[in-house]
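Okay, structure first, notes after.
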Amino acid sequence: MRKFGIAVFSIILIITVAKAQTRTHTLDKIAGVVGSSIILQSDIELKYASYLAQGNPANPDIKCQILQQLLTQKLLAQQAVIDSVFVKDDEVDNDVDRRMRGMIQRAGGQDRLEQFLGRSVIQYKDEIRPDIKESLIAQKMQQKITSDINTTPQDVKKFFNAISKDSLPTFNKEVEVGEIVFNPKLNNAEKEMYREKAEALLARIKKGEDFAALARLYSQDPGSAPEGGDLGFNDRSTFVKEFSAWAFRLKAGEISPVFETDFGFHFLQVIERRGEQVHVRHILIVPAVTSASLDRAKARADSVYNSMNKNKTIDFAAFAAVYSDNKETKYNGGMLLNADNVEMRTTYIPTDRLDPQVALVTDTMKVGSVSKPILFTGQDGKKNYKILYLKSTTDAHKASLALDYPKIKEYATNDKINRTISAWFEKKRKQTFIKIDPQYQSCPSLKGWSTPVIAEVKP
């Protein structure tokens with residue numbers, strides 16, 4: 001759902017080959033001054049080159065927006081120093097590692113990325129770390145500014161009544177859908193060959209073969225395999241419990257035995273431990289679903305479906321909590337959440353945002369009914385059986401407080417955040433010395449940012 005009435009600070013650093021090109025060809029100068037901080041022209045050119053590298057059309061006006069983002073970041077970061085808002089080194093390192101993993105994956109490997117950058121990944125991480133740290137601090141500062149915002153029912157009503165009736169948004173048809181998922185599960189005999197494959201790879205590494213090379217060739221973790229199985233620095237909450245237990249038990253350089261998680265069979269090596277963060281690499285072998293395991297999943301689904309039909313009153317939530325294999329929905333009464341509005345945890349999903357396979361089934365269902373077990377294929381190619389439950393449908397309509405209170409409350413809250421942030425920046429700009437290079441003083445988005453120059457009065 002498109003949000004209105006909100007301006008959320010966001011600075012996203014995207015690294016490309018343009019990094020080296022910018023440094024080579026840009027004659028540096030000071031583009032802006034915020035208090036004791038400066039913004040260089042090369043900072044703007046780098047971000048503009050990154051914008052172009054994403055396939056966007058050339059548009060010099062974008063540089064105005066980039067400078068405004070940088071001015072905003074500097075103001076927030078300077079206030080953070082005053083208010084003792086900071087980020088831990090582990091947070092910065094984790095964010096740097098996360099960004100680098102994404103860059104390596106997009107570039108097609110670390111070697112290719114280093115060719116693009118014209119420097120090693122380690123060198124580049126050192127270069128971008130200060131910028132990322134300042135960005136994280138600025139984000140925390142903005143969160144502090146808006147942390148006390150509370151939206152009451154009176155606020156929601158006032159916000160809604162202020163909207164012109166002709167300007168009220170129209171909401172598409174929405175549904176509430178529940179699911180009970182039955183994943184195919186291999187028995188021990190079916191899984192044994194995959195455990196043996198993982199054991200064989202572990203034995204090769206212990207005999208001296210390169211861990212990273214084998215990970216690239218054999219690991220079935222698409223996120224880490226291209227990077228030699230490297231997962232970077234993470235805390236305990238990042239991993240499933242079996243993985244976390246080994247990752248935080250071993251010393252640097254040690255390799256775990258083969259162990260099983262819901263993802264398959266792994267073994268890992270600890271590269272470095274830093275406080276409550278651990279840097280590991282791993283190899284994952286994923287067991288393939290068999291036709292026999294699919295048949296067993298269908299048999300379980302048919303049994304649950306028959307049990308539900310024997311009950312005059314269907315307690316779908318209870319059945320989901322007991323039988324569903326989807327850990328994300330089973331403790332939510334089996335109900336699917338709107339992926340476009342995760343923060344509000346709303347179960348109302350526009351039909352045009354519903355999984356097409358689910359939409360095809362629920363389109364012919366009556367409210368309150370459940371479907372027979374149906375075979376589904378996920379985007380990752382994995383198959384399972386599902387029983388669907390259509391809890392409610394809401395036809396397309398103009399926004400109203402009665403039908404759409406949660407959505408209207410979200411809009412009202414966003415409007416409050418927007419006005420609070422705007423008022424903070426308006427006040428802070430007046431209290432801070434800000435100078436903008438003449439090249440950018442005509443930018444509409446920067447109007448009112450520069451500190452007025454007081455002409456010197458000659459005697």
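Residue numbers start at 1 in each chain; chains themselves are named A, B, ... in the order of the structure tokens; ligands are numbered from 1 in the order shown.
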
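Those residues that approach Tyr405 (chain A) to within 10 Å, counting only C-alpha atoms, are Pro153, Val156, Lys157, Phe160, Ala399 and Tyr411 of chain A; same-chain residues fewer than 6 positions away are not listed.
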
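For region 367-384 of chain A, the list of residues within 9 Å, based on only C-alpha atoms and with local chain neighbours fewer than 2 positions off taken out, reads Gly178, Val181, Phe182, Asn183, Pro184, Val289, Leu294, Ala297, Lys298, Ala301, Asp302, Tyr305, Met308, Asn309, Ile314, Phe316, Gln357, Val358, Val361, Thr362, Met365, Lys386, Ile387, Leu388, Tyr389, Leu390, Lys391, Ser392 and Thr393 of chain A.
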
**Prompt:** Which residues, written as JSON, numbers by chain, have at least one atom at most 6 Å from Gly229 (chain A), with only C-alpha atoms counted and residues fewer than 2 positions away on the same chain left out?
**Reply:** {"A": [215, 224, 225, 227, 281, 282, 283]}

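Counting only C-alpha atoms and comparing A:Ser147, A:Ser244, A:Ser135, A:Asn188, the residue that lies closest to Phe267 (chain A) is A:Ser244.
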
**Request:** Might you pull out every residue within 9 Å of Ala77 (chain A), with only C-alpha atoms counted and same-chain residues fewer than 3 positions away left off, and present them as a ChimeraX atom specification?
**Result:** /A:72-74,80-81,85,134-139,141

N, CA, C and O atoms of the current selection, written as a PDB file, in the first residue's frame:
ATOM      1  N   THR A  72      21.291  16.645   5.507  1.00  0.00           N
ATOM      2  CA  THR A  72      20.417  16.058   6.511  1.00  0.00           C
ATOM      3  C   THR A  72      21.189  15.111   7.418  1.00  0.00           C
ATOM      4  O   THR A  72      21.058  15.140   8.652  1.00  0.00           O
ATOM      5  N   GLN A  73      22.018  14.270   6.805  1.00  0.00           N
ATOM      6  CA  GLN A  73      22.805  13.317   7.584  1.00  0.00           C
ATOM      7  C   GLN A  73      23.760  14.029   8.540  1.00  0.00           C
ATOM      8  O   GLN A  73      23.904  13.626   9.697  1.00  0.00           O
ATOM      9  N   LYS A  74      24.400  15.094   8.057  1.00  0.00           N
ATOM     10  CA  LYS A  74      25.337  15.831   8.912  1.00  0.00           C
ATOM     11  C   LYS A  74      24.622  16.475  10.102  1.00  0.00           C
ATOM     12  O   LYS A  74      25.132  16.449  11.236  1.00  0.00           O
ATOM     13  N   ALA A  80      23.454  14.034  17.285  1.00  0.00           N
ATOM     14  CA  ALA A  80      23.673  12.760  17.980  1.00  0.00           C
ATOM     15  C   ALA A  80      24.837  12.867  18.958  1.00  0.00           C
ATOM     16  O   ALA A  80      24.816  12.257  20.036  1.00  0.00           O
ATOM     17  N   VAL A  81      25.862  13.615  18.582  1.00  0.00           N
ATOM     18  CA  VAL A  81      27.004  13.813  19.487  1.00  0.00           C
ATOM     19  C   VAL A  81      26.539  14.528  20.748  1.00  0.00           C
ATOM     20  O   VAL A  81      26.906  14.151  21.872  1.00  0.00           O
ATOM     21  N   VAL A  85      24.033   9.915  21.334  1.00  0.00           N
ATOM     22  CA  VAL A  85      23.505   8.809  20.528  1.00  0.00           C
ATOM     23  C   VAL A  85      24.666   8.227  19.729  1.00  0.00           C
ATOM     24  O   VAL A  85      25.371   8.954  19.039  1.00  0.00           O
ATOM     25  N   GLU A 134      28.424   7.055  10.210  1.00  0.00           N
ATOM     26  CA  GLU A 134      27.677   8.308  10.337  1.00  0.00           C
ATOM     27  C   GLU A 134      26.224   8.117   9.927  1.00  0.00           C
ATOM     28  O   GLU A 134      25.307   8.662  10.557  1.00  0.00           O
ATOM     29  N   SER A 135      25.999   7.332   8.875  1.00  0.00           N
ATOM     30  CA  SER A 135      24.634   7.072   8.419  1.00  0.00           C
ATOM     31  C   SER A 135      23.821   6.342   9.479  1.00  0.00           C
ATOM     32  O   SER A 135      22.662   6.683   9.742  1.00  0.00           O
ATOM     33  N   LEU A 136      24.420   5.335  10.120  1.00  0.00           N
ATOM     34  CA  LEU A 136      23.720   4.591  11.167  1.00  0.00           C
ATOM     35  C   LEU A 136      23.414   5.482  12.368  1.00  0.00           C
ATOM     36  O   LEU A 136      22.342   5.387  12.979  1.00  0.00           O
ATOM     37  N   ILE A 137      24.370   6.339  12.722  1.00  0.00           N
ATOM     38  CA  ILE A 137      24.139   7.269  13.843  1.00  0.00           C
ATOM     39  C   ILE A 137      22.993   8.214  13.511  1.00  0.00           C
ATOM     40  O   ILE A 137      22.129   8.490  14.355  1.00  0.00           O
ATOM     41  N   ALA A 138      22.981   8.722  12.275  1.00  0.00           N
ATOM     42  CA  ALA A 138      21.914   9.640  11.865  1.00  0.00           C
ATOM     43  C   ALA A 138      20.555   8.956  11.932  1.00  0.00           C
ATOM     44  O   ALA A 138      19.557   9.560  12.352  1.00  0.00           O
ATOM     45  N   GLN A 139      20.498   7.704  11.522  1.00  0.00           N
ATOM     46  CA  GLN A 139      19.234   6.973  11.579  1.00  0.00           C
ATOM     47  C   GLN A 139      18.761   6.809  13.023  1.00  0.00           C
ATOM     48  O   GLN A 139      17.566   6.965  13.324  1.00  0.00           O
ATOM     49  N   MET A 141      19.473   8.786  15.484  1.00  0.00           N
ATOM     50  CA  MET A 141      19.069  10.092  15.970  1.00  0.00           C
ATOM     51  C   MET A 141      17.644  10.409  15.526  1.00  0.00           C
ATOM     52  O   MET A 141      16.841  10.929  16.308  1.00  0.00           O
TER      53      MET A 141
END

**Prompt:** Would you give me, as an NGL selection string, the residues in region 334-443 of chain A that DSSP reads as strand (DSSP E or B)?
**Reply:** :A and (335 or 349-350 or 370 or 374-377 or 383-394 or 397-398 or 434-436)

Go ahead and dump the residues you just picked, N, CA, C and O atoms, as a compact mmCIF listing (two decimals), in the first residue's frame.
# COMPACT_ATOMS: atom_id res chain seq x y z
N MET A 335 -2.70 -17.27 9.98
CA MET A 335 -3.06 -16.19 9.05
C MET A 335 -1.82 -15.61 8.36
O MET A 335 -0.78 -15.38 8.98
N ILE A 349 -4.95 -8.40 3.05
CA ILE A 349 -4.05 -8.42 1.90
C ILE A 349 -4.83 -8.07 0.63
O ILE A 349 -5.81 -8.75 0.30
N PRO A 350 -4.41 -7.03 -0.10
CA PRO A 350 -5.07 -6.73 -1.38
C PRO A 350 -4.94 -7.94 -2.32
O PRO A 350 -3.88 -8.57 -2.38
N VAL A 370 -12.84 -23.84 4.19
CA VAL A 370 -11.46 -24.28 4.01
C VAL A 370 -11.37 -25.09 2.71
O VAL A 370 -12.34 -25.72 2.29
N ILE A 374 -3.97 -28.78 -1.29
CA ILE A 374 -3.55 -28.43 -2.64
C ILE A 374 -2.04 -28.39 -2.70
O ILE A 374 -1.38 -27.90 -1.77
N LEU A 375 -1.47 -28.91 -3.78
CA LEU A 375 -0.01 -28.90 -3.95
C LEU A 375 0.43 -27.53 -4.44
O LEU A 375 -0.08 -27.02 -5.44
N PHE A 376 1.38 -26.92 -3.72
CA PHE A 376 1.91 -25.61 -4.08
C PHE A 376 3.39 -25.73 -4.41
O PHE A 376 4.10 -26.57 -3.84
N THR A 377 3.84 -24.87 -5.32
CA THR A 377 5.27 -24.79 -5.65
C THR A 377 5.73 -23.37 -5.36
O THR A 377 5.21 -22.41 -5.94
N LYS A 383 8.21 -27.76 -2.99
CA LYS A 383 6.79 -28.12 -3.04
C LYS A 383 6.29 -28.49 -1.65
O LYS A 383 7.02 -29.03 -0.82
N ASN A 384 5.02 -28.20 -1.42
CA ASN A 384 4.35 -28.63 -0.19
C ASN A 384 2.84 -28.61 -0.42
O ASN A 384 2.36 -28.12 -1.45
N TYR A 385 2.12 -29.16 0.53
CA TYR A 385 0.66 -29.14 0.48
C TYR A 385 0.14 -28.12 1.48
O TYR A 385 0.72 -27.92 2.55
N LYS A 386 -0.98 -27.46 1.09
CA LYS A 386 -1.57 -26.46 1.96
C LYS A 386 -3.08 -26.62 2.01
O LYS A 386 -3.72 -26.96 1.03
N ILE A 387 -3.62 -26.35 3.20
CA ILE A 387 -5.06 -26.17 3.38
C ILE A 387 -5.27 -24.68 3.60
O ILE A 387 -4.65 -24.09 4.49
N LEU A 388 -6.12 -24.06 2.79
CA LEU A 388 -6.36 -22.62 2.90
C LEU A 388 -7.70 -22.34 3.57
O LEU A 388 -8.65 -23.12 3.45
N TYR A 389 -7.75 -21.22 4.27
CA TYR A 389 -8.96 -20.80 4.99
C TYR A 389 -9.24 -19.35 4.62
O TYR A 389 -8.38 -18.48 4.75
N LEU A 390 -10.44 -19.09 4.10
CA LEU A 390 -10.83 -17.72 3.75
C LEU A 390 -11.61 -17.14 4.92
O LEU A 390 -12.78 -17.47 5.14
N LYS A 391 -10.97 -16.27 5.67
CA LYS A 391 -11.59 -15.70 6.86
C LYS A 391 -12.53 -14.56 6.53
O LYS A 391 -13.62 -14.44 7.10
N SER A 392 -12.13 -13.67 5.60
CA SER A 392 -12.99 -12.53 5.26
C SER A 392 -12.62 -11.96 3.90
O SER A 392 -11.52 -12.20 3.40
N THR A 393 -13.53 -11.22 3.32
CA THR A 393 -13.27 -10.47 2.08
C THR A 393 -13.86 -9.08 2.25
O THR A 393 -14.90 -8.89 2.89
N THR A 394 -13.18 -8.10 1.71
CA THR A 394 -13.66 -6.71 1.72
C THR A 394 -13.56 -6.17 0.32
O THR A 394 -12.48 -6.15 -0.27
N HIS A 397 -13.29 -0.15 -2.10
CA HIS A 397 -14.12 0.90 -1.52
C HIS A 397 -13.28 2.13 -1.21
O HIS A 397 -12.05 2.06 -1.11
N LYS A 398 -13.95 3.25 -1.03
CA LYS A 398 -13.31 4.46 -0.55
C LYS A 398 -12.98 4.29 0.93
O LYS A 398 -13.71 3.63 1.67
N ILE A 434 25.15 26.89 7.98
CA ILE A 434 25.10 26.04 6.78
C ILE A 434 25.46 26.89 5.57
O ILE A 434 24.88 27.96 5.34
N LYS A 435 26.42 26.43 4.83
CA LYS A 435 26.84 27.13 3.62
C LYS A 435 26.76 26.16 2.45
O LYS A 435 27.21 25.01 2.54
N ILE A 436 26.21 26.64 1.35
CA ILE A 436 26.06 25.81 0.15
C ILE A 436 26.77 26.49 -1.01
O ILE A 436 26.62 27.71 -1.23

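Between CA of Arg345 (chain A) and CA of Thr261 (chain A) there is a distance of 27.6 Å.
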
Env of Val33 (chain A): 8 Å cut, atoms = only C-alpha atoms, seq-sep filter 2 positions within chain, self excluded. Answer as a CSV table (one decimal) with N, CA and C atoms, in the first residue's frame.
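Wrote it out as around_7.csv, contents follow:
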chain,number,residue,atom,x,y,z
A,30,ILE,N,34.7,22.1,-1.9
A,30,ILE,CA,33.7,22.0,-0.8
A,30,ILE,C,32.3,22.4,-1.4
A,31,ALA,N,31.4,21.4,-1.4
A,31,ALA,CA,30.0,21.7,-1.9
A,31,ALA,C,29.1,22.2,-0.8
A,35,GLY,N,27.9,23.2,10.1
A,35,GLY,CA,28.6,23.4,11.4
A,35,GLY,C,30.1,23.2,11.1
A,36,SER,N,30.6,22.2,11.8
A,36,SER,CA,32.0,21.9,11.7
A,36,SER,C,32.3,20.8,10.6
A,37,SER,N,31.3,20.4,9.9
A,37,SER,CA,31.5,19.3,8.9
A,37,SER,C,31.4,19.9,7.5
A,38,ILE,N,32.2,19.2,6.6
A,38,ILE,CA,32.1,19.6,5.2
A,38,ILE,C,31.6,18.5,4.3
A,39,ILE,N,31.1,18.8,3.2
A,39,ILE,CA,30.6,17.9,2.2
A,39,ILE,C,31.4,18.2,0.9
A,433,PHE,N,25.2,26.8,11.4
A,433,PHE,CA,25.8,27.5,10.2
A,433,PHE,C,25.8,26.5,9.1
A,434,ILE,N,25.1,26.9,8.0
A,434,ILE,CA,25.1,26.0,6.8
A,434,ILE,C,25.5,26.9,5.6
A,435,LYS,N,26.4,26.4,4.8
A,435,LYS,CA,26.8,27.1,3.6
A,435,LYS,C,26.8,26.2,2.4
A,436,ILE,N,26.2,26.6,1.3
A,436,ILE,CA,26.1,25.8,0.1
A,436,ILE,C,26.8,26.5,-1.0

**Prompt:** Neighbours of Asn234 (chain A) within 12 Å (only C-alpha atoms; same-chain residues fewer than 5 positions away dropped), as a VMD selection string?
**Reply:** chain A and resid 90 to 98 239 to 240 243 to 244 247 to 248 270 to 281

Selection export as an mmCIF file, in the first residue's frame, atoms kept: N, CA and C atoms:
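File produced: selection_6.cif:
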data_model
loop_
_atom_site.group_PDB
_atom_site.id
_atom_site.type_symbol
_atom_site.label_atom_id
_atom_site.label_comp_id
_atom_site.auth_asym_id
_atom_site.auth_seq_id
_atom_site.Cartn_x
_atom_site.Cartn_y
_atom_site.Cartn_z
ATOM 1 N N ASP A 90 30.467 -3.087 16.595
ATOM 2 C CA ASP A 90 29.949 -4.338 16.049
ATOM 3 C C ASP A 90 28.798 -4.081 15.077
ATOM 4 N N GLU A 91 27.950 -3.087 15.393
ATOM 5 C CA GLU A 91 26.844 -2.746 14.505
ATOM 6 C C GLU A 91 27.368 -2.241 13.164
ATOM 7 N N VAL A 92 28.390 -1.396 13.229
ATOM 8 C CA VAL A 92 28.970 -0.847 12.002
ATOM 9 C C VAL A 92 29.617 -1.963 11.184
ATOM 10 N N ASP A 93 30.406 -2.790 11.861
ATOM 11 C CA ASP A 93 31.077 -3.885 11.162
ATOM 12 C C ASP A 93 30.065 -4.820 10.502
ATOM 13 N N ASN A 94 28.986 -5.101 11.213
ATOM 14 C CA ASN A 94 27.960 -5.993 10.684
ATOM 15 C C ASN A 94 27.308 -5.400 9.442
ATOM 16 N N ASP A 95 27.046 -4.087 9.477
ATOM 17 C CA ASP A 95 26.419 -3.436 8.324
ATOM 18 C C ASP A 95 27.381 -3.374 7.145
ATOM 19 N N VAL A 96 28.651 -3.096 7.424
ATOM 20 C CA VAL A 96 29.655 -3.086 6.355
ATOM 21 C C VAL A 96 29.745 -4.462 5.717
ATOM 22 N N ASP A 97 29.801 -5.504 6.542
ATOM 23 C CA ASP A 97 29.902 -6.873 6.022
ATOM 24 C C ASP A 97 28.663 -7.232 5.205
ATOM 25 N N ARG A 98 27.492 -6.828 5.682
ATOM 26 C CA ARG A 98 26.250 -7.132 4.957
ATOM 27 C C ARG A 98 26.252 -6.479 3.578
ATOM 28 N N PHE A 239 21.336 -16.818 13.299
ATOM 29 C CA PHE A 239 21.351 -18.219 12.900
ATOM 30 C C PHE A 239 20.267 -19.026 13.617
ATOM 31 N N VAL A 240 19.910 -20.173 13.016
ATOM 32 C CA VAL A 240 19.054 -21.116 13.719
ATOM 33 C C VAL A 240 19.868 -21.711 14.862
ATOM 34 N N PHE A 243 22.905 -24.118 14.330
ATOM 35 C CA PHE A 243 24.042 -23.451 13.700
ATOM 36 C C PHE A 243 24.735 -22.539 14.705
ATOM 37 N N SER A 244 23.946 -21.788 15.452
ATOM 38 C CA SER A 244 24.496 -20.853 16.426
ATOM 39 C C SER A 244 25.293 -21.579 17.506
ATOM 40 N N ALA A 247 28.654 -22.343 16.012
ATOM 41 C CA ALA A 247 29.384 -21.124 15.647
ATOM 42 C C ALA A 247 29.998 -20.437 16.857
ATOM 43 N N PHE A 248 29.305 -20.498 18.006
ATOM 44 C CA PHE A 248 29.797 -19.806 19.193
ATOM 45 C C PHE A 248 30.503 -20.748 20.178
ATOM 46 N N VAL A 270 34.896 -21.473 12.078
ATOM 47 C CA VAL A 270 34.971 -20.146 12.677
ATOM 48 C C VAL A 270 36.243 -19.467 12.182
ATOM 49 N N ILE A 271 36.079 -18.272 11.625
ATOM 50 C CA ILE A 271 37.227 -17.509 11.130
ATOM 51 C C ILE A 271 37.724 -16.541 12.198
ATOM 52 N N GLU A 272 36.773 -15.871 12.871
ATOM 53 C CA GLU A 272 37.154 -14.891 13.895
ATOM 54 C C GLU A 272 35.994 -14.679 14.842
ATOM 55 N N ARG A 273 36.295 -14.434 16.094
ATOM 56 C CA ARG A 273 35.287 -14.124 17.103
ATOM 57 C C ARG A 273 35.562 -12.729 17.628
ATOM 58 N N ARG A 274 34.544 -11.883 17.664
ATOM 59 C CA ARG A 274 34.691 -10.512 18.124
ATOM 60 C C ARG A 274 33.521 -10.180 19.045
ATOM 61 N N GLY A 275 33.743 -10.363 20.358
ATOM 62 C CA GLY A 275 32.663 -10.121 21.311
ATOM 63 C C GLY A 275 31.514 -11.084 21.071
ATOM 64 N N GLU A 276 30.314 -10.534 20.875
ATOM 65 C CA GLU A 276 29.133 -11.344 20.608
ATOM 66 C C GLU A 276 28.862 -11.483 19.112
ATOM 67 N N GLN A 277 29.891 -11.235 18.315
ATOM 68 C CA GLN A 277 29.806 -11.419 16.859
ATOM 69 C C GLN A 277 30.797 -12.501 16.458
ATOM 70 N N VAL A 278 30.403 -13.342 15.523
ATOM 71 C CA VAL A 278 31.297 -14.386 15.049
ATOM 72 C C VAL A 278 31.304 -14.380 13.524
ATOM 73 N N HIS A 279 32.505 -14.570 12.961
ATOM 74 C CA HIS A 279 32.696 -14.604 11.511
ATOM 75 C C HIS A 279 32.911 -16.061 11.122
ATOM 76 N N VAL A 280 31.981 -16.618 10.337
ATOM 77 C CA VAL A 280 32.069 -18.034 9.973
ATOM 78 C C VAL A 280 31.880 -18.214 8.472
ATOM 79 N N ARG A 281 32.286 -19.385 8.006
ATOM 80 C CA ARG A 281 31.937 -19.835 6.655
ATOM 81 C C ARG A 281 31.412 -21.258 6.791
#

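Of the listed residues (A:Leu403, A:Ile66, A:Ala321, A:Leu337), A:Ala321 comes nearest to Ile180 (chain A); the distances count only C-alpha atoms.
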
**Asked** Please, which residues of region 43-130 of chain A, numbered as in this document, come out helix (DSSP H, G or I) from DSSP, as an NGL selection string?
**Response** :A and (43-53 or 62-82 or 89-107 or 110-117 or 121-130)

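Using only C-alpha atoms for every distance, the candidate list A:Ile163, A:Asp83, A:Ala288, A:Leu70 yields A:Ala288 as the residue closest to Lys191 (chain A).
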
Considering only C-alpha atoms, give me a table of residues in region 225-333 of chain A that are at most 12 Å from region 171-177 of chain A, with the closest atom pair and distance in Å for each, as a Markdown table.
| residue | atom | partner | partner_atom | distance |
| --- | --- | --- | --- | --- |
| A:Phe316 | CA | A:Val177 | CA | 10.9 |
| A:Ala317 | CA | A:Val177 | CA | 11.6 |
| A:Thr329 | CA | A:Val177 | CA | 10.8 |
| A:Asn332 | CA | A:Val177 | CA | 11.5 |
| A:Gly333 | CA | A:Val177 | CA | 10.3 |

Include all heavy atoms and write out the residues we just selected as a PDB file, in the first residue's frame.
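The resulting file, part-v1.pdb, is shown below:
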ATOM      1  N   PHE A 316      -9.784 -22.957  13.169  1.00  0.00           N
ATOM      2  CA  PHE A 316      -8.650 -23.032  12.249  1.00  0.00           C
ATOM      3  C   PHE A 316      -7.336 -22.721  12.947  1.00  0.00           C
ATOM      4  O   PHE A 316      -6.315 -23.374  12.704  1.00  0.00           O
ATOM      5  CB  PHE A 316      -8.862 -22.068  11.076  1.00  0.00           C
ATOM      6  CG  PHE A 316      -7.838 -22.216   9.988  1.00  0.00           C
ATOM      7  CD1 PHE A 316      -7.989 -23.164   8.998  1.00  0.00           C
ATOM      8  CD2 PHE A 316      -6.711 -21.409   9.969  1.00  0.00           C
ATOM      9  CE1 PHE A 316      -7.040 -23.315   7.990  1.00  0.00           C
ATOM     10  CE2 PHE A 316      -5.751 -21.550   8.986  1.00  0.00           C
ATOM     11  CZ  PHE A 316      -5.925 -22.500   7.996  1.00  0.00           C
ATOM     12  N   ALA A 317      -7.340 -21.728  13.841  1.00  0.00           N
ATOM     13  CA  ALA A 317      -6.116 -21.323  14.533  1.00  0.00           C
ATOM     14  C   ALA A 317      -5.532 -22.473  15.336  1.00  0.00           C
ATOM     15  O   ALA A 317      -4.314 -22.676  15.375  1.00  0.00           O
ATOM     16  CB  ALA A 317      -6.391 -20.127  15.439  1.00  0.00           C
ATOM     17  N   THR A 329       3.650 -18.516  10.309  1.00  0.00           N
ATOM     18  CA  THR A 329       2.206 -18.292  10.384  1.00  0.00           C
ATOM     19  C   THR A 329       1.494 -19.149  11.428  1.00  0.00           C
ATOM     20  O   THR A 329       0.407 -18.782  11.882  1.00  0.00           O
ATOM     21  CB  THR A 329       1.537 -18.550   9.012  1.00  0.00           C
ATOM     22  OG1 THR A 329       1.783 -19.920   8.627  1.00  0.00           O
ATOM     23  CG2 THR A 329       2.095 -17.627   7.955  1.00  0.00           C
ATOM     24  N   ASN A 332       0.360 -17.452  14.456  1.00  0.00           N
ATOM     25  CA  ASN A 332      -0.448 -16.269  14.163  1.00  0.00           C
ATOM     26  C   ASN A 332      -1.838 -16.717  13.724  1.00  0.00           C
ATOM     27  O   ASN A 332      -2.484 -16.080  12.910  1.00  0.00           O
ATOM     28  CB  ASN A 332       0.224 -15.447  13.050  1.00  0.00           C
ATOM     29  CG  ASN A 332      -0.439 -14.103  12.828  1.00  0.00           C
ATOM     30  OD1 ASN A 332      -0.778 -13.414  13.779  1.00  0.00           O
ATOM     31  ND2 ASN A 332      -0.641 -13.736  11.565  1.00  0.00           N
ATOM     32  N   GLY A 333      -2.271 -17.842  14.276  1.00  0.00           N
ATOM     33  CA  GLY A 333      -3.568 -18.389  13.894  1.00  0.00           C
ATOM     34  C   GLY A 333      -3.569 -18.935  12.481  1.00  0.00           C
ATOM     35  O   GLY A 333      -4.641 -19.164  11.903  1.00  0.00           O
TER      36      GLY A 333
END

**Asked** Separation of CA of Gln69 (chain A) and CA of Asp43 (chain A), in Å?
**Response** 11.3 Å

**Message:** I'd like to know which of A:Lys407, A:Arg300, A:Lys366, A:Arg249 is closest to Thr347 (chain A), using only C-alpha atoms.
**Reply:** A:Lys407

**Request:** Go through A:Leu214, A:Ile149, A:Met103, A:Ala58 one by one, measure the shortest atom-to-atom distance of each to Asn414 (chain A) using only C-alpha atoms, and give the residue with the smallest value.
**Result:** A:Ile149
